[in-house]
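Taking it in order: structure first as structure tokens, then the write-up.
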Amino acid sequence: MNRFLTVAAVLAALAAPPAAAAPIELTVFYAWPSHQRFHEPIAAAFMERHPEIRIRFQAPASSYDEAFQSLLRQGMTGSLPDVTFAGYQMLRALSDRGLAQELGPLIAATPDWAGRGFTDPVLALGQSAGRQIALPFVMSTPIVYVNAELAARASGDAAFPSDWDDLIGLAHRIDGLGPDIDGMYYGLGVDDWSTQALLLSHGASLLTPDETDIAFDSREGLAALRLFRRFREEGGQPAIGDESARQQFVAGKLGILVASTSGVRGLETDIGGRFPLKTARLPLADRERARLPTGGMAGVILTSDPDRREAAWAYLQFASGPEAQTLMVQKSGYTPVTSLALGPTYLGDFYREHPNWSTSVEQIPVSRPWTAWPGPNGVEIAQALLDAMSALAQDRLTPEEALSEMATAARRLMRR
């Protein structure tokens with residue numbers, strides 16, 4: 001009897017279908033807790049289409065810099081995530097440390113890659129030393145947010161200024177509307193992105209062609225810092241922090257705010273119907289040579305396991321595809337990385353109905369990679385630039401002194 005049961009059990013086992021393979025679980029890490037609002041639904045949509053792959057998020061870092069430092073610590077303990085969404089300015093460092101997997105072979109093996117809607121300038125955002133080590137996920141540039149009610153009170157119904165002189169003049173008139181109203185605010189952020197935007201909008205070069213030295217200590221660089229001082233002296237920029245300025249703008253007490261395109265959704269939501277909000281392109285001091293640094297992040301594959309790498313590549317392609325990009329844009333204000341998302345099936349009608357959101361797309365032609373400073377001290381160089389600009393904003397340094405401090409610190413850190 002026992003022998004019969006054993007044979008029957010063997011025959012039943014042979015006839016049964018093979019057990020389904022356990023799903024591959026990818027660990028994913030990103031910066032900025034507020035970005036959960038689009039990372040989570042994108043992952044949910046991906047897993048619905050790919051039940052063989054599960055996405056598990058690590059707790060998000062508070063900034064791109066903190067995310068990078070966390071990755072370094074995890075690398076030392078052998079506990080790196082499979083995928084990270086890293087700030088563009090961090091890609092060089094991840095590549096130099098050998099943490100990022102090269103995507104070139106994966107792209108070459110992907111059918112119909114040319115039809116995925118990625119232009120060469122967009123793909124260049126994810127490159128380091130000529131190697132594709134990341135797939136762009138979101139893009140942003142600085143834009144101008146305007147309290148249209150205050151602007152109309154200060155200047156009537158004239159078109160919004162397209163150059164810095166007229167913008168500062170408008171801000172000056174807004175500043176004169178009352179003691180509780182300020183004219184403008186150009187946010188410096190938590191890194192050197194906004195500083196690079198000022199420099200690049202004047203046509204300044206940040207590095208020499210061979211990237212062995214800085215090049216922003218120039219006539220154009222000084223003009224950029226002198227312009228920044230005018231924001232305070234002529235445009236009524238208050239000596240407050242970025243978050244306070246945002247709150248003041250939402251309350252209707254600040255006329256003009258320069259900040260990332262990624263803030264348009266949050267500002268529209270927080271303002272509600274308190275006043276009409278408009279957006280405009282950032283003025284370019286040198287219209288022929290000007291460009292803007294592209295903020296945002298790209299997906300980086302860190303795992304070297306072939307199966308996990310394949311699963312990670314499927315996830316990055318979905319996250320940067322038109323469906324996920326549409327979801328991301330509508331939950332943030334970032335610019336999509338694939339031109340397919342601009343079509344009528346996805347964001348075409350949305351942008352026509354929400355013109356405040358389309359300003360970011362209009363700046364794509366002048367968008368360039370956010371410069372990552374060479375060498376192991378790139379993060380420290382960015383902080384040195386931010387520190388000098390903060391001192392300039394608080395009248396503790398003149399533009400000449402701030403530029404000298406920035407150049408001296410950057411050269412010292414590059415050569416260390």
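A note on labels: chains of the structure tokens are A, B, ... as shown, every chain counts residues from 1, and ligands are counted from 1 in their shown order.
Near Met328 (chain A), within 9 Å and counting only C-alpha atoms, sit Arg37, Phe38, His39, Pro41, Ile42, Val138, Ala319, Glu323, Ala324, Gln325, Thr326, Gln330, Lys331, Ser332, Gly333, Tyr334, Thr335 and Pro336 of chain A, not including residues fewer than 2 positions from it in the same chain.
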Next item on the list: Write out as a list of chain:residue names each polymer residue whose atoms come within 10 Å of region 339-341 of chain A, counting only C-alpha atoms; drop sequence neighbours fewer than 5 positions from it.
Entry: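 Close residues of region 339-341 of chain A: A:Gly115, A:Arg116, A:Gly117, A:Phe118, A:Thr119, A:Val122, A:Ser320, A:Gly321, A:Pro322, A:Glu323, A:Ala324, A:Gln325, A:Thr326, A:Leu327, A:Val329, A:Tyr346, A:Leu347, A:Gly348.
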Write the residues of the preceding selection, restricted to C-alpha atoms, as an mmCIF file, in the first residue's frame.
data_model
loop_
_atom_site.group_PDB
_atom_site.id
_atom_site.type_symbol
_atom_site.label_atom_id
_atom_site.label_comp_id
_atom_site.auth_asym_id
_atom_site.auth_seq_id
_atom_site.Cartn_x
_atom_site.Cartn_y
_atom_site.Cartn_z
ATOM 1 C CA GLY A 115 11.191 54.985 -31.968
ATOM 2 C CA ARG A 116 11.158 55.459 -28.192
ATOM 3 C CA GLY A 117 11.203 59.273 -28.432
ATOM 4 C CA PHE A 118 14.581 59.972 -26.814
ATOM 5 C CA THR A 119 16.529 62.719 -28.553
ATOM 6 C CA VAL A 122 18.045 64.138 -23.695
ATOM 7 C CA SER A 320 10.740 56.796 -18.962
ATOM 8 C CA GLY A 321 8.007 55.806 -21.427
ATOM 9 C CA PRO A 322 5.018 57.965 -22.404
ATOM 10 C CA GLU A 323 2.452 56.389 -20.058
ATOM 11 C CA ALA A 324 4.573 56.769 -16.939
ATOM 12 C CA GLN A 325 5.853 60.170 -18.042
ATOM 13 C CA THR A 326 2.293 61.424 -18.413
ATOM 14 C CA LEU A 327 1.522 60.314 -14.887
ATOM 15 C CA VAL A 329 4.111 65.249 -15.259
ATOM 16 C CA TYR A 346 -0.797 61.568 -23.679
ATOM 17 C CA LEU A 347 0.019 65.196 -22.752
ATOM 18 C CA GLY A 348 -0.863 67.145 -25.897
#
Next item on the list: Might you pull out every residue within 10 Å of region 198-215 of chain A, with only C-alpha atoms counted and same-chain residues fewer than 5 positions away left off, and present them as a ChimeraX atom specification?
Entry: /A:142,186,193,220-225,227-228,282-293,366,368,371-375,406-408,410-411,414-415
Store the residues of this selection in a file with N, CA and C atoms, as a CSV table (one decimal), in the first residue's frame.
chain,number,residue,atom,x,y,z
A,142,PRO,N,14.8,76.2,-14.5
A,142,PRO,CA,14.1,77.3,-13.7
A,142,PRO,C,13.2,78.1,-14.6
A,186,TYR,N,14.6,85.1,-6.3
A,186,TYR,CA,15.3,84.1,-7.1
A,186,TYR,C,15.9,83.1,-6.1
A,193,TRP,N,22.5,74.3,-8.6
A,193,TRP,CA,21.7,74.3,-9.9
A,193,TRP,C,21.3,75.7,-10.3
A,220,GLU,N,31.5,87.2,-18.1
A,220,GLU,CA,30.1,86.7,-18.0
A,220,GLU,C,29.7,86.3,-16.6
A,221,GLY,N,30.7,85.6,-15.9
A,221,GLY,CA,30.4,85.2,-14.6
A,221,GLY,C,30.1,86.3,-13.6
A,222,LEU,N,30.9,87.4,-13.8
A,222,LEU,CA,30.7,88.6,-12.9
A,222,LEU,C,29.4,89.3,-13.2
A,223,ALA,N,29.1,89.3,-14.5
A,223,ALA,CA,27.8,89.9,-14.9
A,223,ALA,C,26.6,89.2,-14.3
A,224,ALA,N,26.7,87.8,-14.2
A,224,ALA,CA,25.7,87.0,-13.6
A,224,ALA,C,25.5,87.4,-12.1
A,225,LEU,N,26.6,87.5,-11.4
A,225,LEU,CA,26.5,87.8,-10.0
A,225,LEU,C,26.1,89.2,-9.7
A,227,LEU,N,24.0,90.7,-11.6
A,227,LEU,CA,22.5,90.7,-11.8
A,227,LEU,C,21.8,90.2,-10.6
A,228,PHE,N,22.4,89.2,-9.9
A,228,PHE,CA,21.8,88.6,-8.7
A,228,PHE,C,21.7,89.7,-7.6
A,282,LEU,N,12.5,81.7,-18.3
A,282,LEU,CA,13.5,82.5,-17.6
A,282,LEU,C,14.2,83.4,-18.6
A,283,PRO,N,14.3,84.7,-18.3
A,283,PRO,CA,15.1,85.6,-19.3
A,283,PRO,C,16.5,85.1,-19.5
A,284,LEU,N,17.0,85.3,-20.7
A,284,LEU,CA,18.3,84.9,-21.1
A,284,LEU,C,19.1,86.1,-21.3
A,285,ALA,N,20.2,86.3,-20.6
A,285,ALA,CA,21.0,87.5,-20.7
A,285,ALA,C,21.8,87.6,-22.1
A,286,ASP,N,22.2,86.4,-22.5
A,286,ASP,CA,22.9,86.3,-23.8
A,286,ASP,C,22.1,85.3,-24.7
A,287,ARG,N,21.2,85.9,-25.6
A,287,ARG,CA,20.3,85.0,-26.3
A,287,ARG,C,20.9,84.1,-27.3
A,288,GLU,N,22.1,84.4,-27.7
A,288,GLU,CA,22.8,83.5,-28.7
A,288,GLU,C,23.6,82.3,-28.0
A,289,ARG,N,24.2,82.6,-26.8
A,289,ARG,CA,25.0,81.6,-26.2
A,289,ARG,C,24.4,81.0,-24.9
A,290,ALA,N,23.3,81.6,-24.5
A,290,ALA,CA,22.7,81.1,-23.2
A,290,ALA,C,22.2,79.7,-23.3
A,291,ARG,N,22.2,79.0,-22.2
A,291,ARG,CA,21.6,77.7,-22.0
A,291,ARG,C,21.3,77.6,-20.6
A,292,LEU,N,20.5,76.5,-20.2
A,292,LEU,CA,20.1,76.3,-18.9
A,292,LEU,C,20.4,74.9,-18.4
A,293,PRO,N,20.9,74.8,-17.2
A,293,PRO,CA,21.2,73.4,-16.7
A,293,PRO,C,19.9,72.6,-16.4
A,366,VAL,N,17.0,75.1,-25.1
A,366,VAL,CA,18.2,75.7,-24.4
A,366,VAL,C,18.7,74.9,-23.2
A,368,ARG,N,20.6,72.0,-21.2
A,368,ARG,CA,21.9,71.3,-21.3
A,368,ARG,C,22.1,70.5,-20.1
A,371,THR,N,26.1,70.5,-15.0
A,371,THR,CA,27.5,70.2,-14.9
A,371,THR,C,27.9,69.5,-13.6
A,372,ALA,N,28.5,68.4,-13.7
A,372,ALA,CA,29.0,67.7,-12.5
A,372,ALA,C,30.5,68.0,-12.5
A,373,TRP,N,30.9,68.6,-11.3
A,373,TRP,CA,32.3,69.0,-11.2
A,373,TRP,C,33.2,67.8,-11.1
A,374,PRO,N,34.3,67.8,-11.9
A,374,PRO,CA,35.2,66.6,-11.9
A,374,PRO,C,36.0,66.4,-10.6
A,375,GLY,N,36.4,65.2,-10.4
A,375,GLY,CA,37.2,64.8,-9.2
A,375,GLY,C,36.3,64.3,-8.1
A,406,MET,N,34.2,81.7,-4.9
A,406,MET,CA,33.7,80.6,-5.7
A,406,MET,C,34.9,79.9,-6.5
A,407,ALA,N,35.6,80.8,-7.2
A,407,ALA,CA,36.7,80.3,-8.1
A,407,ALA,C,37.8,79.7,-7.3
A,408,THR,N,38.2,80.4,-6.2
A,408,THR,CA,39.3,79.9,-5.4
A,408,THR,C,39.0,78.5,-4.7
A,410,ALA,N,36.7,76.3,-5.7
A,410,ALA,CA,36.5,75.3,-6.8
A,410,ALA,C,37.9,74.8,-7.2
A,411,ARG,N,38.8,75.7,-7.5
A,411,ARG,CA,40.1,75.3,-7.9
A,411,ARG,C,40.8,74.4,-6.9
A,414,MET,N,39.2,71.0,-6.8
A,414,MET,CA,39.5,70.2,-8.0
A,414,MET,C,40.9,69.6,-7.9
A,415,ARG,N,41.8,70.3,-7.3
A,415,ARG,CA,43.2,69.9,-7.4
A,415,ARG,C,43.6,69.0,-6.2
Item checked: region 385-396 of chain A surroundings by only C-alpha atoms, 7 Å radius, close-in-sequence under 5 positions cut, as number ranges by chain -> A: 191-192, 229, 239, 402, 405-406
Please write the residues from the selection above to a file, keeping N, CA, C and O atoms, as an mmCIF file, in the first residue's frame.
data_model
loop_
_atom_site.group_PDB
_atom_site.id
_atom_site.type_symbol
_atom_site.label_atom_id
_atom_site.label_comp_id
_atom_site.auth_asym_id
_atom_site.auth_seq_id
_atom_site.Cartn_x
_atom_site.Cartn_y
_atom_site.Cartn_z
ATOM 1 N N ASP A 191 21.689 73.359 -3.651
ATOM 2 C CA ASP A 191 22.897 72.966 -4.374
ATOM 3 C C ASP A 191 23.273 74.103 -5.328
ATOM 4 O O ASP A 191 22.874 75.253 -5.101
ATOM 5 N N ASP A 192 24.003 73.814 -6.380
ATOM 6 C CA ASP A 192 24.475 74.883 -7.262
ATOM 7 C C ASP A 192 23.665 74.993 -8.553
ATOM 8 O O ASP A 192 24.084 75.676 -9.482
ATOM 9 N N ARG A 229 22.707 90.497 -7.508
ATOM 10 C CA ARG A 229 22.645 91.559 -6.507
ATOM 11 C C ARG A 229 21.521 92.551 -6.831
ATOM 12 O O ARG A 229 20.870 93.086 -5.925
ATOM 13 N N ALA A 239 15.504 89.120 2.204
ATOM 14 C CA ALA A 239 16.583 88.264 2.719
ATOM 15 C C ALA A 239 15.983 87.155 3.563
ATOM 16 O O ALA A 239 16.109 87.117 4.791
ATOM 17 N N ALA A 402 32.342 87.446 -4.055
ATOM 18 C CA ALA A 402 31.686 86.140 -4.142
ATOM 19 C C ALA A 402 32.267 85.323 -5.282
ATOM 20 O O ALA A 402 32.532 84.119 -5.134
ATOM 21 N N GLU A 405 35.682 84.033 -4.296
ATOM 22 C CA GLU A 405 35.604 82.916 -3.349
ATOM 23 C C GLU A 405 35.168 81.629 -4.051
ATOM 24 O O GLU A 405 35.697 80.546 -3.777
ATOM 25 N N MET A 406 34.223 81.736 -4.943
ATOM 26 C CA MET A 406 33.749 80.562 -5.683
ATOM 27 C C MET A 406 34.877 79.950 -6.506
ATOM 28 O O MET A 406 35.099 78.731 -6.480
#
Notebook entry, point to check: Hey, what's within 12 Å of region 107-111 of chain A if we count only C-alpha atoms and toss same-chain stuff fewer than 3 positions away? As a VMD selection string, please?
Noted result: chain A and resid 102 to 104 114 to 116 118 123 131 to 135 310 313 to 314 316 to 317
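Considering the residues A:Leu94, A:Gly299, A:Gly252, A:Pro105 and counting only C-alpha atoms, Phe29 (chain A) has its shortest atom-to-atom contact with A:Gly299.
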Next item on the list: Could you check how far CA of Val264 (chain A) sits from CA of Glu380 (chain A), in Å to one decimal?
Entry: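 Between CA of Val264 (chain A) and CA of Glu380 (chain A) the gap works out to 29.6 Å.
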All residues 10 Å or closer to Ser62 (chain A), only C-alpha atoms, same chain fewer than 3 positions away omitted, as a PDB file with N, CA, C and O atoms, in the first residue's frame:
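That gives us part20.pdb:
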ATOM      1  N   TYR A  30      15.374  56.439  -4.270  1.00  0.00           N
ATOM      2  CA  TYR A  30      15.295  57.749  -4.906  1.00  0.00           C
ATOM      3  C   TYR A  30      15.375  58.841  -3.845  1.00  0.00           C
ATOM      4  O   TYR A  30      15.302  58.572  -2.638  1.00  0.00           O
ATOM      5  N   ALA A  31      15.531  60.078  -4.305  1.00  0.00           N
ATOM      6  CA  ALA A  31      15.593  61.235  -3.410  1.00  0.00           C
ATOM      7  C   ALA A  31      14.257  61.972  -3.395  1.00  0.00           C
ATOM      8  O   ALA A  31      13.448  61.809  -4.311  1.00  0.00           O
ATOM      9  N   TRP A  32      14.082  62.798  -2.362  1.00  0.00           N
ATOM     10  CA  TRP A  32      12.921  63.658  -2.190  1.00  0.00           C
ATOM     11  C   TRP A  32      11.657  62.859  -1.841  1.00  0.00           C
ATOM     12  O   TRP A  32      11.013  62.276  -2.719  1.00  0.00           O
ATOM     13  N   PRO A  33      11.275  62.851  -0.564  1.00  0.00           N
ATOM     14  CA  PRO A  33      10.071  62.124  -0.135  1.00  0.00           C
ATOM     15  C   PRO A  33       8.809  62.537  -0.889  1.00  0.00           C
ATOM     16  O   PRO A  33       7.926  61.709  -1.120  1.00  0.00           O
ATOM     17  N   SER A  34       8.713  63.805  -1.318  1.00  0.00           N
ATOM     18  CA  SER A  34       7.523  64.260  -2.026  1.00  0.00           C
ATOM     19  C   SER A  34       7.353  63.561  -3.369  1.00  0.00           C
ATOM     20  O   SER A  34       6.251  63.537  -3.933  1.00  0.00           O
ATOM     21  N   ALA A  59      13.380  53.735   1.825  1.00  0.00           N
ATOM     22  CA  ALA A  59      12.931  55.053   2.278  1.00  0.00           C
ATOM     23  C   ALA A  59      13.684  56.125   1.494  1.00  0.00           C
ATOM     24  O   ALA A  59      14.910  56.059   1.360  1.00  0.00           O
ATOM     25  N   ASP A  65      22.045  64.968  -2.717  1.00  0.00           N
ATOM     26  CA  ASP A  65      23.329  64.805  -2.038  1.00  0.00           C
ATOM     27  C   ASP A  65      23.240  63.714  -0.980  1.00  0.00           C
ATOM     28  O   ASP A  65      24.117  62.846  -0.872  1.00  0.00           O
ATOM     29  N   GLU A  66      22.180  63.735  -0.181  1.00  0.00           N
ATOM     30  CA  GLU A  66      22.007  62.712   0.849  1.00  0.00           C
ATOM     31  C   GLU A  66      21.850  61.336   0.215  1.00  0.00           C
ATOM     32  O   GLU A  66      22.365  60.332   0.724  1.00  0.00           O
ATOM     33  N   ALA A  67      21.155  61.265  -0.925  1.00  0.00           N
ATOM     34  CA  ALA A  67      21.008  59.986  -1.616  1.00  0.00           C
ATOM     35  C   ALA A  67      22.370  59.453  -2.064  1.00  0.00           C
ATOM     36  O   ALA A  67      22.656  58.258  -1.931  1.00  0.00           O
TER      37      ALA A  67
END
Notebook entry, point to check: Tell me, which residues of region 229-412 of chain A carry DSSP alpha helix (DSSP H), written as a ChimeraX atom specification?
Noted result: /A:229-233,242-250,264-271,306-319,322-330,348-353,355-362,378-393,399-412
Notebook entry, point to check: If we count only C-alpha atoms, what is near Pro23 (chain A) at a cut-off of 12 Å, once residues fewer than 2 positions away on the same chain are taken out, given as a PyMOL selection string?
Noted result: chain A and resi 19-21+25-26+47+50-56+307-308+311
Next item on the list: Have a look at A:Ser218, A:Ser95, A:Asn147, A:Thr195 and name the one nearest to Pro276 (chain A); count only C-alpha atoms.
Entry: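 The shortest atom-to-atom distance to Pro276 (chain A) comes from A:Asn147.
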Checklist line | Closest of A:Phe275, A:Tyr185, A:Tyr64, A:Phe249 to Arg232 (chain A) - atom-to-atom distances counting only C-alpha atoms | finding: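 Closest candidate: A:Tyr185.
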